[in-house]
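> Handing over structure33.tsv, TSV, C-alpha atoms.
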```tsv
chain	number	residue	atom	x	y	z
A	202	MET	CA	18.39	9.06	37.15
A	203	GLU	CA	19.59	8.20	33.64
A	204	ASN	CA	18.30	10.21	30.66
A	205	MET	CA	16.47	12.80	32.78
A	206	LYS	CA	17.55	15.72	30.59
A	207	ILE	CA	16.32	14.22	27.36
A	208	ALA	CA	13.15	13.08	29.09
A	209	ARG	CA	12.33	16.67	30.07
A	210	LYS	CA	12.86	17.76	26.47
A	211	LEU	CA	10.68	14.95	25.13
A	212	VAL	CA	7.88	16.07	27.44
A	213	LYS	CA	8.00	19.43	25.65
A	214	VAL	CA	7.97	17.70	22.28
A	215	MET	CA	4.92	15.66	23.32
A	216	ALA	CA	3.14	18.82	24.42
A	217	ASP	CA	3.90	20.52	21.10
A	218	CYS	CA	2.70	17.47	19.11
A	219	SER	CA	-0.24	16.40	21.26
A	220	HIS	CA	-2.65	16.69	18.33
A	221	ILE	CA	-2.21	16.75	14.57
A	222	ALA	CA	-5.10	17.68	12.30
A	223	LYS	CA	-6.36	15.22	9.69
A	224	ASN	CA	-5.65	17.12	6.49
A	225	GLY	CA	-5.36	14.10	4.19
A	226	LEU	CA	-8.38	12.75	2.32
A	227	ASN	CA	-8.98	9.26	0.99
A	228	SER	CA	-11.14	10.23	-2.00
A	229	PHE	CA	-12.26	6.65	-2.68
A	230	HIS	CA	-13.77	6.08	0.79
A	231	ASN	CA	-14.15	9.75	1.69
A	232	TYR	CA	-12.44	9.76	5.08
A	233	LYS	CA	-9.75	12.03	6.46
A	234	TYR	CA	-6.41	11.03	7.98
A	235	ALA	CA	-3.25	12.64	9.33
A	236	THR	CA	-0.64	12.60	6.56
A	237	ALA	CA	2.92	11.40	7.13
A	238	GLU	CA	4.11	14.79	5.90
A	239	ASP	CA	2.11	16.62	8.59
A	240	VAL	CA	3.33	14.25	11.32
A	241	LEU	CA	7.00	14.45	10.31
A	242	TYR	CA	6.90	18.22	9.86
A	243	LYS	CA	5.40	18.88	13.28
A	244	VAL	CA	7.61	16.34	15.08
A	245	ASN	CA	10.79	17.56	13.37
A	246	GLU	CA	9.94	21.16	14.24
A	247	ALA	CA	9.45	20.25	17.91
A	248	LEU	CA	12.61	18.12	18.05
A	249	ALA	CA	14.74	20.84	16.49
A	250	ARG	CA	13.33	23.48	18.82
A	251	ASN	CA	14.50	21.38	21.77
A	252	ASN	CA	17.93	20.60	20.26
A	253	LEU	CA	17.11	16.94	19.71
A	254	ALA	CA	18.52	15.09	16.71
A	255	CYS	CA	16.97	11.95	15.25
A	256	PHE	CA	18.45	9.11	13.19
A	257	ALA	CA	16.09	6.67	11.46
A	258	GLN	CA	17.23	3.18	10.50
A	259	PRO	CA	14.75	1.07	8.50
A	260	THR	CA	15.01	-2.71	8.18
A	261	LEU	CA	13.08	-4.65	5.55
A	262	ILE	CA	11.65	-7.67	7.35
A	263	ALA	CA	9.33	-9.03	4.63
A	264	PHE	CA	8.85	-8.54	0.90
A	265	ASP	CA	6.19	-10.71	-0.72
A	266	GLU	CA	4.26	-10.96	-3.95
A	267	VAL	CA	0.52	-10.99	-3.31
A	268	THR	CA	-2.55	-11.28	-5.50
A	269	ASN	CA	-5.25	-8.67	-5.03
A	270	LEU	CA	-8.94	-9.43	-5.35
A	271	LYS	CA	-8.89	-8.57	-9.06
A	272	GLY	CA	-6.19	-11.16	-9.68
A	273	ASN	CA	-3.35	-8.71	-10.23
A	274	LYS	CA	0.11	-9.24	-8.73
A	275	GLU	CA	1.43	-6.63	-6.29
A	276	HIS	CA	4.33	-6.28	-3.86
A	277	LEU	CA	3.73	-6.19	-0.10
A	278	ALA	CA	6.59	-4.90	2.04
A	279	THR	CA	6.88	-4.77	5.83
A	280	VAL	CA	9.49	-2.53	7.42
A	281	SER	CA	10.76	-2.19	10.99
A	282	MET	CA	11.87	1.36	11.85
A	283	ARG	CA	14.40	2.13	14.59
A	284	ILE	CA	14.68	5.82	15.47
A	285	GLN	CA	17.38	7.09	17.82
A	286	ILE	CA	16.68	10.48	19.41
A	287	VAL	CA	19.80	12.20	20.76
A	288	ASP	CA	20.06	15.27	22.99
A	289	SER	CA	22.73	17.42	21.32
A	290	GLU	CA	23.48	19.13	24.64
A	291	SER	CA	23.71	16.25	27.11
A	292	GLY	CA	24.50	13.38	24.75
A	293	GLU	CA	21.64	11.32	26.23
A	294	ALA	CA	19.73	9.15	23.77
A	295	VAL	CA	16.57	7.08	23.57
A	296	GLU	CA	15.23	4.76	20.90
A	297	ILE	CA	11.71	4.32	19.55
A	298	PHE	CA	10.42	1.73	17.09
A	299	GLY	CA	7.65	1.32	14.57
A	300	LEU	CA	6.30	-1.19	12.05
A	301	GLY	CA	4.69	-0.41	8.72
A	302	SER	CA	3.43	-2.24	5.65
A	303	GLY	CA	2.99	-0.96	2.11
A	304	GLN	CA	1.48	-2.52	-1.00
A	305	ASP	CA	2.06	-1.37	-4.56
A	306	ALA	CA	2.04	-2.76	-8.08
A	307	GLY	CA	5.22	-0.85	-8.93
A	308	ASP	CA	8.37	-0.05	-6.98
A	309	LYS	CA	6.87	1.97	-4.12
A	310	ALA	CA	5.90	-0.80	-1.67
A	311	VAL	CA	9.05	-0.38	0.44
A	312	MET	CA	8.76	3.42	0.44
A	313	LYS	CA	5.14	3.20	1.58
A	314	ALA	CA	6.13	0.78	4.34
A	315	GLN	CA	8.98	3.02	5.51
A	316	THR	CA	6.71	6.06	5.57
A	317	ALA	CA	4.06	4.21	7.58
A	318	ALA	CA	6.66	2.83	10.00
A	319	ILE	CA	8.28	6.16	10.83
A	320	LYS	CA	4.91	7.89	11.05
A	321	TYR	CA	3.51	5.39	13.54
A	322	ALA	CA	6.76	5.20	15.51
A	323	TYR	CA	6.38	8.90	16.29
A	324	MET	CA	2.60	8.80	16.74
A	325	MET	CA	2.67	5.90	19.19
A	326	SER	CA	5.81	6.92	21.11
A	327	LEU	CA	4.83	10.58	21.46
A	328	CYS	CA	1.13	9.81	22.03
A	329	ILE	CA	-0.01	11.97	19.11
A	330	ALA	CA	-3.79	12.13	18.76
A	331	THR	CA	-5.54	12.46	15.39
A	332	GLY	CA	-8.93	10.85	16.02
A	333	ASP	CA	-8.07	7.88	13.82
A	334	ASP	CA	-5.10	6.87	11.69
A	335	PRO	CA	-5.83	4.65	8.70
A	336	GLU	CA	-3.40	4.91	5.79
A	337	ALA	CA	-4.91	6.18	2.55
A	338	ASP	CA	-4.10	4.98	-0.92
A	339	SER	CA	-6.88	5.90	-3.31
A	340	ARG	CA	-5.20	4.25	-6.29
A	341	THR	CA	-4.93	0.89	-4.52
A	342	ASP	CA	-8.53	1.19	-3.31
A	343	GLU	CA	-9.78	1.80	-6.85
A	344	VAL	CA	-7.71	-1.00	-8.40
A	345	ASN	CA	-8.81	-3.54	-5.80
A	346	ALA	CA	-12.51	-2.67	-5.75
A	347	ALA	CA	-14.03	-6.07	-6.52
A	348	GLU	CA	-17.66	-5.04	-7.02
A	349	PRO	CA	-19.52	-2.31	-8.89
A	350	GLN	CA	-20.18	0.83	-6.89
A	351	ALA	CA	-23.92	0.26	-7.11
A	352	LYS	CA	-23.62	-3.12	-5.38
A	353	ARG	CA	-21.47	-1.63	-2.62
A	354	ASN	CA	-24.02	1.13	-2.13
A	355	ASP	CA	-26.80	-1.44	-1.80
A	356	LYS	CA	-24.89	-3.29	0.89
A	357	ALA	CA	-24.02	-0.08	2.68
A	358	ALA	CA	-27.70	0.91	2.66
A	359	ASN	CA	-28.59	-2.35	4.43
A	360	THR	CA	-26.08	-1.73	7.23
A	361	THR	CA	-27.73	-1.49	10.63
A	362	PRO	CA	-27.54	1.86	12.50
A	363	LYS	CA	-25.39	0.26	15.20
A	364	GLU	CA	-22.85	-1.02	12.67
A	365	THR	CA	-22.70	2.29	10.85
A	366	ALA	CA	-22.04	4.16	14.09
A	367	THR	CA	-18.87	2.17	14.72
A	368	GLN	CA	-17.15	2.77	11.40
A	369	PRO	CA	-14.89	5.80	10.78
A	370	ASP	CA	-16.42	8.21	8.26
A	371	GLY	CA	-18.26	5.45	6.35
A	372	ALA	CA	-15.34	3.07	5.67
A	373	ILE	CA	-16.31	-0.07	3.76
A	374	CYS	CA	-14.53	-3.24	2.70
A	375	THR	CA	-12.99	-2.99	-0.77
A	376	GLY	CA	-13.54	-6.69	-1.25
A	377	CYS	CA	-17.27	-7.10	-0.63
A	378	GLY	CA	-18.61	-3.65	0.23
A	379	ALA	CA	-19.54	-4.51	3.82
A	380	ALA	CA	-19.24	-1.86	6.51
A	381	ILE	CA	-16.19	-2.30	8.74
A	382	SER	CA	-15.39	-1.00	12.18
A	383	GLU	CA	-12.49	1.28	13.01
A	384	LYS	CA	-10.65	-1.56	14.75
A	385	VAL	CA	-10.98	-3.88	11.75
A	386	LEU	CA	-10.01	-1.05	9.37
A	387	ARG	CA	-6.80	-0.25	11.26
A	388	TYR	CA	-5.73	-3.88	11.42
A	389	SER	CA	-6.54	-4.56	7.77
A	390	VAL	CA	-4.74	-1.46	6.47
A	391	SER	CA	-1.69	-2.31	8.58
A	392	LYS	CA	-1.57	-5.96	7.42
A	393	TYR	CA	-2.96	-5.87	3.88
A	394	GLY	CA	-2.56	-2.22	2.84
A	395	GLN	CA	-6.30	-1.74	2.23
A	396	PRO	CA	-9.64	-1.95	4.06
A	397	PHE	CA	-10.92	-5.56	4.27
A	398	CYS	CA	-13.67	-7.07	6.43
A	399	MET	CA	-12.76	-10.18	8.42
A	400	ASN	CA	-14.01	-12.57	5.70
A	401	CYS	CA	-12.06	-10.81	2.94
A	402	GLN	CA	-8.96	-10.77	5.16
A	403	LYS	CA	-9.19	-14.57	5.29
A	404	THR	CA	-9.56	-14.69	1.50
A	405	ALA	CA	-6.54	-12.39	1.06
A	406	ALA	CA	-4.49	-14.52	3.47
A	407	ARG	CA	-5.31	-17.69	1.52
A	408	ALA	CA	-4.47	-15.97	-1.79
A	409	ALA	CA	-1.10	-14.88	-0.41
```
Can you give me the file's structure in the form of structure tokens?

Amino acid sequence: MENMKIARKLVKVMADCSHIAKNGLNSFHNYKYATAEDVLYKVNEALARNNLACFAQPTLIAFDEVTNLKGNKEHLATVSMRIQIVDSESGEAVEIFGLGSGQDAGDKAVMKAQTAAIKYAYMMSLCIATGDDPEADSRTDEVNAAEPQAKRNDKAANTTPKETATQPDGAICTGCGAAISEKVLRYSVSKYGQPFCMNCQKTAARAA
């Protein structure tokens, strides 16, 4: 069967990278996440140990100017990442893909998107577990906080126990301060670069 040798090596890589600790901290929302540096370091170490080379090819598929909830202009980039993994011994090769978005007021939107894309390409393709995987950008969170902290705290205090139990480490919407679930958080960070509830996602979409 085709690519059996590289498949056996990738099984070893998956075993070596089955779990990566969440050493990153989003100081604004106080939740932990697996950093891109930790993911790439562990994956690269496992690939090299099994004589597998990798070649990443990013493609910019969208670059837009968006308005955050404070009325400031920022850049939002979306990148598609194609990674070819080649067995240096057999010549067999496989490809994996990832998508990532990054938002920044300066010139780092594309770099953020590339980092997210390559990180999630490896995490999804190699089935790497971290517990959860929201991107963290404390600076963007602080800039886009639309309400005073006291108001957000009041709303968080009124959250029902059931709603609180479903959110990762107390994540809240940066637009209105409402508690958001892990599913909503992951989608919002991927699409808008920051945690939004469903209503604020609609507002952000209209503003874009």
> To one decimal place, how far is CA of His220 (chain A) from CA of Tyr232 (chain A) in Å?
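If I compute the distance from CA of His220 (chain A) to CA of Tyr232 (chain A), I get 17.9 Å.
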> List the neighbours of Asp288 (chain A) out to 10 Å using all atoms listed in the file; skip same-chain residues closer than 6 positions along the sequence, and give me the result as a VMD selection string.
chain A and resid 204 206 to 208 210 to 211 248 251 to 255 294 to 295
> What does the distance from CA of Cys218 (chain A) to CA of Pro396 (chain A) come to in Å, to one decimal?
27.5 Å
> Which residues are close to region 323-333 of chain A, i.e. within 6 Å by all atoms listed in the file, leaving aside same-chain residues fewer than 3 positions away? Reply as a PyMOL selection string.
chain A and resi 215+219-221+320
> Keeping only C-alpha atoms, take the residues you just selected and write them out as a compact mmCIF listing (two decimals), in the frame of the given file.

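Done, and the output landed in result.txt:
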```txt
# COMPACT_ATOMS: atom_id res chain seq x y z
CA MET A 215 4.92 15.66 23.32
CA SER A 219 -0.24 16.40 21.26
CA HIS A 220 -2.65 16.69 18.33
CA ILE A 221 -2.21 16.75 14.57
CA LYS A 320 4.91 7.89 11.05
```
> Mind giving me the straight-line distance from CA of Ile262 (chain A) to CA of Tyr321 (chain A) in Å, one decimal?
16.6 Å
> Give me the residues within 12 Å of Leu261 (chain A) as a list in words, counting only C-alpha atoms and dropping any in the same chain fewer than 6 places off.
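Once the adjacent positions are removed, what remains is Leu277, Ala278, Thr279, Val280, Ser281, Met282, Arg283, Leu300, Gly301, Ser302, Gly303, Ala310, Val311, Met312, Lys313, Ala314, Gln315 and Ala318 of chain A.
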> What's around Cys374 (chain A) at 9 Å? Count only C-alpha atoms, leave out sequence neighbours fewer than 6 positions away in its own chain, and write the answer as a JSON list (two decimals) with C-alpha atoms, keeping the file's coordinate frame.

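Contents of result-v3.json, freshly written:
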```json
[["chain", "number", "residue", "atom", "x", "y", "z"],
["A", 346, "ALA", "CA", -12.51, -2.67, -5.75],
["A", 353, "ARG", "CA", -21.47, -1.63, -2.62],
["A", 380, "ALA", "CA", -19.24, -1.86, 6.51],
["A", 381, "ILE", "CA", -16.19, -2.30, 8.74],
["A", 386, "LEU", "CA", -10.01, -1.05, 9.37],
["A", 395, "GLN", "CA", -6.30, -1.74, 2.23],
["A", 396, "PRO", "CA", -9.64, -1.95, 4.06],
["A", 397, "PHE", "CA", -10.92, -5.56, 4.27],
["A", 398, "CYS", "CA", -13.67, -7.07, 6.43],
["A", 401, "CYS", "CA", -12.06, -10.81, 2.94]]
```
> Have a look at A:Leu270, A:Ala222, A:Asp308, A:Val287 and name the one nearest to Lys403 (chain A); count all atoms listed in the file.
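Using all atoms listed in the file, the shortest distance to Lys403 (chain A) belongs to A:Leu270.
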> Go through A:Ala247, A:Ile373, A:Ile284, A:Ala237 and flag the residue nearest Ala317 (chain A), using only C-alpha atoms for the distances.
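Closest to Ala317 (chain A), using only C-alpha atoms: A:Ala237.
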